[in-house]
Number of protein chains: 2
Amino acid sequence: MVKEVHIPDGVQANRIDMEYFESNPKPANLDAHSTLARTFIEHHAEQNRRVALVTSGGTTVPLENQTVRFIDNFSAGTRGATSAEYFLESGYAVIFLHRQYSLLPYSRHYSHSTNCFLDYMTFNDAGMVVVNTEYQHQMADVLAKYNKARKENTLLLLSFTTVNEYLWYLRELAMLMQPLGAKSLFYLAAAVSDFFVPAERMVEHKIQSSEEFHIRQPNGATGQPPAAHMEGKQLLIDLDPVPKFLKMLVDRWAPQSMIISFKLETDPSILAEKARSALKKYSHHLVIGNLLNTRKWEVVFVSADGGEKWLRVPAGRRTKSVTGLLPDTPSTEESREPAVEIESWIVPEIETLHTEWIGHGDQR
Amino acid sequence: MVKEVHIPDGVQANRIDMEYFESNPKPANLDAHSTLARTFIEHHAEQNRRVALVTSGGTTVPLENQTVRFIDNFSAGTRGATSAEYFLESGYAVIFLHRQYSLLPYSRHYSHSTNCFLDYMTFNDAGMVVVNTEYQHQMADVLAKYNKARKENTLLLLSFTTVNEYLWYLRELAMLMQPLGAKSLFYLAAAVSDFFVPAERMVEHKIQSSEEFHIRQPNGATGQPPAAHMEGKQLLIDLDPVPKFLKMLVDRWAPQSMIISFKLETDPSILAEKARSALKKYSHHLVIGNLLNTRKWEVVFVSADGGEKWLRVPAGRRTKSVTGLLPDTPSTEESREPAVEIESWIVPEIETLHTEWIGHGDQR
């Protein structure tokens with residue numbers, strides 16, 4: 001006779017949690033980052049300041065331990081880096097957990113090849129490098145805000161590369177933020193992979209495509225086949241699902257925090273339903289839905305009561321971008337920029353919701 | 001009776017070539033880039049200047065047409081961007097075919113979060129943004145070289161994202177460079193994927209991981225199964241080999257040019273053999289071999305006669321990096337930088353070999 005055992009959700013999550021973190025390696029920088037974060041959080045807890053953890057950029061899924069090839073999720077980090085600036089303007093302290101080399105708050109304004117900061121610089125009569133008069137005003141504004149964040153110690157930058165590092169850091173930071181209670185906010189804008197290669201199925205070296213070096217590289221310990229390997233002339237990759245970390249975050253790592261996740265889709269017809277489905281599954285506060293092609297123009301707030309609220313920004317004037325070496329792209333309707341950064345609308349909305357959340361205490 | 005037909009190598013390459021470019025879509029910017037490149041090449045041909053095509057950064061392999069997930073090859077673009085500067089210093093005109101948002105010549109010095117250019121700026125007494133006195137000298141040097149390249153029109157920046165775009169651009173540029181004869185040089189530092197998803201096996205929308213949206217999205221036309229799809233809870237991806245474009249480049253697209261490729265490995269024991277094997281297969285001039293972990297410290301030149309020549313740069317002094325918001329990393333032996341950029345040794349070696357090549361005429 002088979003005896004059915006019902007495992008409550010919490011216990012289930014706990015077990016997945018334990019298994020994942022026992023079998024996938026702790027990042028080398030975890031302790032160093034943890035120390036920095038603890039000091040930062042304690043400082044702002046004393047100031048009674050709200051703290052937002054903003055995640056940003058895509059996570060990688062390495063196919064080899066010494067990584068030459070990896071799977072990535074599309075994200076330059078624009079949403080996260082831009083939002084972080086507006087959270088700082090709203091008085092939050094911000095932990096910016098970002099993909100290494102993705103866009104950062106403030107420097108993002110001059111990061112890309114179409115906005116290379118060297119194009120803003122010139123030599124004055126004395127042969128000194130100075131900012132071109134024409135761009136002084138804009139750069140002074142950015143630099144002043146950047147210096148303010150440094151001086152007031154309100155922005156902590158921590159970086160990840162792989163999805164495994166991301167999961168370890170997220171858990172660690174959530175635990176450290178628990179003493180902040182409802183004053184802590186999770187704004188999960190990073191594009192986190194749904195799939196990964198477990199440590200036990202990872203090969204050590206670059207996978208060889210040429211037949212003369214066609215060797216399966218089993219990873220001794222478990223005898224499991226590697227996740228990526230050659231079959232004839234094809235490269236086959238089979239990936240495991242990433243454990244549902246949002247469930248663990250909501251239920252166990254950050255039970256008192258306000259938690260906002262993002263849902264990026266390419267097919268408009270399933271966006272709202274996917275957002276509602278995520279809310280139902282994880283019981284957090286808000287899903288911000290967006291489409292790949294229109295993400296700078298419109299987003300939809302889907303809340304736990306099923307409500308949908310669209311934010312849509314109008315188009316701005318055509319502006320000529322500062323280009324030096326890169327050929328100018330023709331200005332079409334599509335290449336026009338929004339009149340305002342949509343994050344300047346998103347963040348104040350979130351701030352209002354967060355104020356309500358703090359007022360109500362933990363009533364989730 | 002089965003009659004065996006021997007297809008000569010050239011014809012074989014021709015057929016693969018035709019098939020690939022007939023069945024994989026032409027990039028939207030191809031014609032615009034082609035026009036820019038033609039003008040650039042004609043200008044330098046008139047000046048009797050050598051032209052180097054430097055490729056840089058990793059290519060992506062999208063798993064969906066509206067791309068959320070993709071496979072990538074590790075490369076920040078440091079090798080390519082740095083080498084491009086030294087080619088310019090050696091008097092070459094440079095077409096820099098790079099992964100969009102990877103490092104660029106000159107701006108690379110201030111691109112990363114550990115070298116954020118905002119940390120180099122300050123306000124003077126008049127409230128103007130100026131470069132900190134301490135960094136004037138270095139930035140003046142970089143800006144002067146950048147301005148020189150702009151003024152003399154010796155650097156053309158063209159970007160790609162996917163491996164398909166890369167292959168189309170490479171073929172187009174090679175054809176355009178043919179009139180330069182032996183004065184053209186191919187320095188193929190980009191990390192190009194060996195595998196890809198053919199257009200006919202690409203799904204349109206983001207692959208859904210949750211069961212309720214678990215639909216196979218066949219791409220009607222051919223009825224072939226999509227390259228990436230769900231099986232139960234696993235994501236399976238099977239990739240086709242990329243056609244041997246180096247063969248086509250050497251034999252047909254650029255028969256008079258000097259062609260140098262790179263080989264990146266993680267396992268030291270196979271590096272030289274892999275380099276020799278590539279030379280044997282493609283009959284080009286030089287393979288520069290390097291290992292993932294030591295690529296800034298040493299490279300090996302493997303030439304067609306089987307010769308191996310190592311370049312190894314010594315360690316520099318410990319230097320404190322300019323960090324603003326990012327936590328400083330402890331300075332260990334490993335984190336020390338080389339005393340010189342190894343590309344400042346690589347490029348003059350290449351220049352000498354190229355001079356010999358031009359002197360001998362086309363004797364391959």
# chains A, B, ... in the order shown; residues from 1 in each chain; ligands from 1

$ select_by_dssp --residues "stretch 22-158 of chain A" --states "strand (DSSP E)" --output "VMD selection string"
chain A and resid 51 to 56 60 to 62 69 to 73 93 to 99 121 to 123 129 to 131 155 to 158

$ closest_atom_pairs --of "chain B" --to "chain A" --cutoff "7 Å" --atoms "only C-alpha atoms" --output "JSON lines"
{"residue": "B:Gln66", "atom": "CA", "partner": "A:Thr266", "partner_atom": "CA", "distance": 6.4}
{"residue": "B:Val68", "atom": "CA", "partner": "A:Phe74", "partner_atom": "CA", "distance": 5.0}
{"residue": "B:Arg69", "atom": "CA", "partner": "A:Asn73", "partner_atom": "CA", "distance": 4.7}
{"residue": "B:Phe70", "atom": "CA", "partner": "A:Asp72", "partner_atom": "CA", "distance": 5.5}
{"residue": "B:Ile71", "atom": "CA", "partner": "A:Ile71", "partner_atom": "CA", "distance": 4.2}
{"residue": "B:Asp72", "atom": "CA", "partner": "A:Phe70", "partner_atom": "CA", "distance": 5.5}
{"residue": "B:Asn73", "atom": "CA", "partner": "A:Arg69", "partner_atom": "CA", "distance": 4.7}
{"residue": "B:Phe74", "atom": "CA", "partner": "A:Val68", "partner_atom": "CA", "distance": 5.0}
{"residue": "B:Tyr101", "atom": "CA", "partner": "A:His112", "partner_atom": "CA", "distance": 6.2}
{"residue": "B:Ser107", "atom": "CA", "partner": "A:Leu118", "partner_atom": "CA", "distance": 6.7}
{"residue": "B:Ser111", "atom": "CA", "partner": "A:Ser111", "partner_atom": "CA", "distance": 7.0}
{"residue": "B:His112", "atom": "CA", "partner": "A:Tyr101", "partner_atom": "CA", "distance": 6.2}
{"residue": "B:Ser113", "atom": "CA", "partner": "A:Tyr101", "partner_atom": "CA", "distance": 6.5}
{"residue": "B:Cys116", "atom": "CA", "partner": "A:Ser107", "partner_atom": "CA", "distance": 6.9}
{"residue": "B:Leu118", "atom": "CA", "partner": "A:Leu143", "partner_atom": "CA", "distance": 6.6}
{"residue": "B:Met128", "atom": "CA", "partner": "A:Gln136", "partner_atom": "CA", "distance": 6.9}
{"residue": "B:Val129", "atom": "CA", "partner": "A:Ala140", "partner_atom": "CA", "distance": 5.9}
{"residue": "B:Val130", "atom": "CA", "partner": "A:Val130", "partner_atom": "CA", "distance": 5.1}
{"residue": "B:Val131", "atom": "CA", "partner": "A:Val130", "partner_atom": "CA", "distance": 6.2}
{"residue": "B:Gln136", "atom": "CA", "partner": "A:Val129", "partner_atom": "CA", "distance": 6.5}
{"residue": "B:Ala140", "atom": "CA", "partner": "A:Val129", "partner_atom": "CA", "distance": 5.9}
{"residue": "B:Leu143", "atom": "CA", "partner": "A:Leu118", "partner_atom": "CA", "distance": 6.6}
{"residue": "B:Arg150", "atom": "CA", "partner": "A:Leu325", "partner_atom": "CA", "distance": 6.4}
{"residue": "B:Leu156", "atom": "CA", "partner": "A:Leu325", "partner_atom": "CA", "distance": 6.8}
{"residue": "B:Leu157", "atom": "CA", "partner": "A:Leu326", "partner_atom": "CA", "distance": 5.6}
{"residue": "B:His205", "atom": "CA", "partner": "A:Thr266", "partner_atom": "CA", "distance": 5.8}
{"residue": "B:Lys206", "atom": "CA", "partner": "A:Thr266", "partner_atom": "CA", "distance": 6.1}
{"residue": "B:Lys233", "atom": "CA", "partner": "A:Pro241", "partner_atom": "CA", "distance": 6.3}
{"residue": "B:Gln234", "atom": "CA", "partner": "A:Asp240", "partner_atom": "CA", "distance": 5.1}
{"residue": "B:Leu235", "atom": "CA", "partner": "A:Leu239", "partner_atom": "CA", "distance": 5.1}
{"residue": "B:Leu236", "atom": "CA", "partner": "A:Asp238", "partner_atom": "CA", "distance": 4.5}
{"residue": "B:Ile237", "atom": "CA", "partner": "A:Ile237", "partner_atom": "CA", "distance": 5.1}
{"residue": "B:Asp238", "atom": "CA", "partner": "A:Leu236", "partner_atom": "CA", "distance": 4.5}
{"residue": "B:Leu239", "atom": "CA", "partner": "A:Leu235", "partner_atom": "CA", "distance": 5.1}
{"residue": "B:Asp240", "atom": "CA", "partner": "A:Gln234", "partner_atom": "CA", "distance": 5.1}
{"residue": "B:Pro241", "atom": "CA", "partner": "A:Gln234", "partner_atom": "CA", "distance": 6.2}
{"residue": "B:Glu265", "atom": "CA", "partner": "A:Lys206", "partner_atom": "CA", "distance": 6.6}
{"residue": "B:Thr266", "atom": "CA", "partner": "A:His205", "partner_atom": "CA", "distance": 5.8}
{"residue": "B:Asp267", "atom": "CA", "partner": "A:His205", "partner_atom": "CA", "distance": 6.4}
{"residue": "B:Leu325", "atom": "CA", "partner": "A:Arg150", "partner_atom": "CA", "distance": 6.4}
{"residue": "B:Leu326", "atom": "CA", "partner": "A:Leu157", "partner_atom": "CA", "distance": 5.7}

$ select_by_dssp --residues "stretch 251-349 of chain B" --states "alpha helix (DSSP H)" --output "ChimeraX atom specification"
/B:271-282,343-349

$ residues_around --residues "A:Gln47" --least-positions-apart "5" --cutoff "12 Å" --atoms "only C-alpha atoms" --output "list of chain:residue names"
A:Phe40, A:Ile41, A:Glu42, A:Gly91, A:Tyr92, A:Ala93, A:Glu152, A:Asn153, A:Thr154, A:Leu180, A:Lys183

$ residues_around --residues "stretch 172-178 of chain B" --least-positions-apart "5" --cutoff "8 Å" --atoms "only C-alpha atoms" --output "compact mmCIF listing (two decimals) with C-alpha atoms, in the first residue's frame"
# COMPACT_ATOMS: atom_id res chain seq x y z
CA SER B 34 28.09 48.50 -46.91
CA ALA B 37 32.47 50.77 -45.70
CA ARG B 38 32.79 51.30 -49.47
CA ILE B 41 37.81 51.72 -48.19
CA SER B 184 44.22 44.29 -46.52
CA LEU B 249 37.08 33.79 -46.46
CA TRP B 253 36.06 36.21 -50.26
CA ALA B 254 39.58 37.51 -49.59
CA GLN B 256 44.81 38.08 -51.55
CA SER B 257 44.52 39.27 -47.96

$ residues_around --residues "B:Val347" --least-positions-apart "2" --cutoff "7 Å" --atoms "only C-alpha atoms" --output "PyMOL selection string"
chain B and resi 83+86-87+343-345+349-351

$ write_last_selection --atoms "N, CA and C atoms" --output "tab-separated table (two decimals), in the first residue's frame"
chain	number	residue	atom	x	y	z
B	83	SER	N	43.69	46.15	-29.62
B	83	SER	CA	44.47	45.95	-30.84
B	83	SER	C	44.16	47.03	-31.86
B	86	TYR	N	46.30	50.01	-31.46
B	86	TYR	CA	47.69	49.85	-31.88
B	86	TYR	C	47.81	49.76	-33.41
B	87	PHE	N	46.81	49.21	-34.07
B	87	PHE	CA	46.82	49.24	-35.55
B	87	PHE	C	46.75	50.68	-36.04
B	343	GLU	N	48.75	43.59	-26.43
B	343	GLU	CA	48.46	43.97	-27.82
B	343	GLU	C	49.51	44.95	-28.38
B	344	SER	N	50.19	45.66	-27.49
B	344	SER	CA	51.24	46.58	-27.96
B	344	SER	C	52.46	45.79	-28.44
B	345	TRP	N	52.53	44.51	-28.11
B	345	TRP	CA	53.56	43.62	-28.65
B	345	TRP	C	53.03	42.82	-29.84
B	349	GLU	N	54.33	42.90	-34.26
B	349	GLU	CA	54.72	41.61	-34.86
B	349	GLU	C	53.92	41.34	-36.13
B	350	ILE	N	52.63	41.60	-36.02
B	350	ILE	CA	51.74	41.39	-37.17
B	350	ILE	C	52.12	42.32	-38.31
B	351	GLU	N	52.40	43.56	-37.94
B	351	GLU	CA	52.75	44.55	-38.96
B	351	GLU	C	53.97	44.07	-39.77

$ atom_distance --atom1 "atom CA of B:Leu353" --atom2 "atom CA of B:Glu46"
23.0 Å

$ residues_around --residues "A:Ala339" --least-positions-apart "6" --cutoff "7 Å" --atoms "only C-alpha atoms" --output "PDB file with N, CA, C and O atoms, in the first residue's frame"
ATOM      1  N   VAL A 313       3.816  56.524 -21.678  1.00  0.00           N
ATOM      2  CA  VAL A 313       4.418  57.858 -21.842  1.00  0.00           C
ATOM      3  C   VAL A 313       4.349  58.289 -23.304  1.00  0.00           C
ATOM      4  O   VAL A 313       4.418  57.456 -24.206  1.00  0.00           O
ATOM      5  N   PRO A 314       4.196  59.604 -23.522  1.00  0.00           N
ATOM      6  CA  PRO A 314       4.126  60.106 -24.906  1.00  0.00           C
ATOM      7  C   PRO A 314       5.517  60.187 -25.539  1.00  0.00           C
ATOM      8  O   PRO A 314       6.527  60.091 -24.846  1.00  0.00           O
ATOM      9  N   ALA A 315       5.539  60.360 -26.855  1.00  0.00           N
ATOM     10  CA  ALA A 315       6.806  60.494 -27.583  1.00  0.00           C
ATOM     11  C   ALA A 315       7.378  61.898 -27.396  1.00  0.00           C
ATOM     12  O   ALA A 315       6.636  62.867 -27.271  1.00  0.00           O
ATOM     13  N   GLY A 316       8.693  61.970 -27.349  1.00  0.00           N
ATOM     14  CA  GLY A 316       9.354  63.263 -27.223  1.00  0.00           C
ATOM     15  C   GLY A 316       9.654  63.856 -28.588  1.00  0.00           C
ATOM     16  O   GLY A 316       9.305  63.282 -29.620  1.00  0.00           O
TER      17      GLY A 316
END

$ atom_distance --atom1 "atom CA of A:Thr39" --atom2 "atom CA of A:His285"
27.8 Å

$ residues_around --residues "A:Glu341" --least-positions-apart "5" --cutoff "9 Å" --atoms "only C-alpha atoms" --output "list in words"
Thr82, Lys296, Trp297 and Val313 of chain A

$ closest_residue --among "B:Thr352, B:Ser261, B:Asn48, B:Thr162" --to "B:Asn24" --atoms "only C-alpha atoms"
B:Thr162

$ closest_residue --among "B:Val302, B:Ser269, B:Leu88, B:Leu246" --to "B:Phe186" --atoms "only C-alpha atoms"
B:Leu246

$ closest_residue --among "A:Asp125, A:Asp17, A:Glu337, A:Glu89" --to "A:Leu167" --atoms "only C-alpha atoms"
A:Asp17
